[in-house]
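Reading through the structure tokens given below for one structure.
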Amino acid sequence: MNTEKIIVPLDVSTITEALALVDQLPQVSFWKVGLELFISSGPEILTQLKQRQKRIFLDLKFHDIPNTVAGACRAASQYGVDLITIHATAGKVALKAAQNALEEGAKAADKPVPNLIAITLLTSLNSRELAFDLKIPLELPEYALQMALLAQESGLAGAVCSPQEVEQLRRTCGHDFLLVCPGVRPTWAEKGDQQRSFTPSQAMKAGADYLVIGRPITASEDPIAALQRIVEEIS
Ligand SMILES: O=C(O)c1cc(=O)[nH]c(=O)n1[C@@H]1O[C@H](COP(=O)(O)O)[C@@H](O)[C@H]1O
């Protein structure tokens, strides 16, 4: 089973639950550690994943002033993870500071530089919320594109976007810009709080480098079968 393009989030609160999932799905080589697990259990999960030779997406979605995001990135660079997130709305100065700190930190720790990727617009938001709650006067696809361009101009490796916008971002940002898509839902799965979803095969065809797929697999009665179904759909 080729699961190379799929990142599965460990959206649980304990290391025991997280490792149970990792050990249940040995075919998955790329795992995401997010806020819930990192805040409740700390960095030990990163060591455990490394021991199992897994790739790691450390999704802490930094969003702060330049000095603070730089400090967070410098600290995160010691873990030897593959991907790290920051909100594009932190702004160009913060994005550049974060990227520089990551490079310096990784060099000092003798680790490879993680790919820093910017959140363009959370996949749980829709165009009505963008316009009426966030008061952003741009069409949603244009806003997501502008946030990706801001990340690219700031020297970041890529962006996180909904699969509905990935085709346009790929066309504009080019093939070297990493595009990671959450908000992926097979036709048979519940959408939950995801508002701008596509199926796994639609997302891959549209140009995503990686798909982040959680609950359709992890909340399934049979996670192995769910993963298999998704892999068959995209291959
Ligand atoms: O950065 C992310 O990974 C992320 C960005 C985004 O816009 N939307 C989004 O859902 N995510 C993450 O992707 C995962 C999606 O999980 P499921 O909705 O269960 O497939 C969660 O861990 C979210 O934190």
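Labels for the structure tokens follow display order: chains A, B, ..., residues from 1 in each chain, ligands from 1.
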Which residues of region 33-70 of chain A have any atom within 7 Å of an atom in region 7-29 of chain A when counting only C-alpha atoms, and what is the closest pair of atoms for each, with the distance in Å to one decimal? Order the rows by chain and rising number and write it as JSON lines.
{"residue": "A:Val33", "atom": "CA", "partner": "A:Leu10", "partner_atom": "CA", "distance": 5.6}
{"residue": "A:Gly34", "atom": "CA", "partner": "A:Asp11", "partner_atom": "CA", "distance": 6.6}
{"residue": "A:Glu36", "atom": "CA", "partner": "A:Ser13", "partner_atom": "CA", "distance": 5.7}
{"residue": "A:Leu37", "atom": "CA", "partner": "A:Ser13", "partner_atom": "CA", "distance": 4.6}
{"residue": "A:Ser40", "atom": "CA", "partner": "A:Ser13", "partner_atom": "CA", "distance": 5.8}
{"residue": "A:Ser41", "atom": "CA", "partner": "A:Thr14", "partner_atom": "CA", "distance": 6.1}
{"residue": "A:Ile45", "atom": "CA", "partner": "A:Ile15", "partner_atom": "CA", "distance": 6.1}
{"residue": "A:Lys54", "atom": "CA", "partner": "A:Ser29", "partner_atom": "CA", "distance": 5.1}
{"residue": "A:Arg55", "atom": "CA", "partner": "A:Ser29", "partner_atom": "CA", "distance": 6.0}
Can you list every residue in region 56-219 of chain A that DSSP puts in alpha helix (DSSP H), as JSON, numbers by chain?
{"A": [66, 67, 68, 69, 70, 71, 72, 73, 74, 75, 76, 92, 93, 94, 95, 96, 97, 98, 99, 100, 101, 102, 103, 104, 105, 106, 107, 108, 127, 128, 129, 130, 131, 132, 140, 141, 142, 143, 144, 145, 146, 147, 148, 149, 150, 151, 152, 153, 163, 164, 165, 166, 167, 168, 169, 170, 171, 172, 173, 200, 201, 202, 203, 204, 205, 206, 215, 216, 217, 218]}
Give one line per residue of chain A that approaches ligand 1 to at most 7 Å, naming the two atoms of the closest pair and their distance in Å to one decimal, counting only C-alpha atoms and all ligand atoms; sort by chain then ascending residue number and deliver it as a tab-separated table.
residue	atom	partner	partner_atom_place_in_ligand_line	distance
A:Pro9	CA	ligand 1	22 (O)	5.0
A:Asp11	CA	ligand 1	22 (O)	5.9
A:Gly34	CA	ligand 1	22 (O)	6.3
A:Asp59	CA	ligand 1	1 (O)	5.8
A:Lys61	CA	ligand 1	1 (O)	6.7
A:Thr85	CA	ligand 1	1 (O)	6.5
A:Ile119	CA	ligand 1	7 (O)	6.3
A:Leu121	CA	ligand 1	7 (O)	5.9
A:Leu122	CA	ligand 1	7 (O)	3.2
A:Thr123	CA	ligand 1	7 (O)	4.0
A:Ser124	CA	ligand 1	8 (N)	6.2
A:Val160	CA	ligand 1	5 (C)	6.2
A:Cys161	CA	ligand 1	7 (O)	6.2
A:Ser162	CA	ligand 1	7 (O)	6.6
A:Pro182	CA	ligand 1	13 (O)	4.6
A:Gly183	CA	ligand 1	10 (O)	5.3
A:Val184	CA	ligand 1	20 (O)	6.2
A:Asp193	CA	ligand 1	18 (O)	6.9
A:Gln194	CA	ligand 1	18 (O)	6.0
A:Val212	CA	ligand 1	13 (O)	5.6
A:Ile213	CA	ligand 1	20 (O)	4.1
A:Gly214	CA	ligand 1	20 (O)	3.5
A:Arg215	CA	ligand 1	19 (O)	3.7
A:Pro216	CA	ligand 1	20 (O)	6.3
Would you mind telling me which residue in A:Pro141, A:Ala72, A:Gly80, A:Leu130 lies nearest to Gln51 (chain A) when using only C-alpha atoms?
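The closest residue to Gln51 (chain A) is A:Gly80.
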Neighbours of Asp209 (chain A) within 9 Å (only C-alpha atoms; same-chain residues fewer than 5 positions away dropped), as a list in words?
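My list of contacting residues is Lys5, Leu178, Leu179, Val180, Cys181 and Met204 of chain A.
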Go ahead and compute the interatomic distance for CA of Leu211 (chain A) and CA of Thr68 (chain A), in Å to one decimal.
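These two atoms are separated by 29.0 Å.
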Looking only at the backbone, which of the residues in region 14-136 of chain A does DSSP tag as strand (DSSP E), as a PyMOL selection string?
chain A and resi 30-33+55-62+83-87+115-119
Would you kindly return, as a PyMOL selection string, each protein, DNA or RNA residue with an atom no farther than 9 Å from any atom of Leu95 (chain A), considering only C-alpha atoms and excluding same-chain residues fewer than 5 positions away?
chain A and resi 66+69-70+86-90+100+118+150-151+154-156
Counting only C-alpha atoms, figure out which residue out of A:Ile84, A:Ile230, A:Cys173, A:Leu58 gets nearest to Thr187 (chain A).
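Closest to Thr187 (chain A) of all the choices is A:Ile230.
You can rank A:Ile6, A:Ala98, A:Lys92, A:Asn115 by their closest distance to Leu149 (chain A) using only C-alpha atoms, and at the top of that list sits A:Lys92.
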Mind giving me the straight-line distance from CA of Ala225 (chain A) to CA of Ala206 (chain A) in Å, one decimal?
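Distance reported for this atom pair: 24.8 Å.
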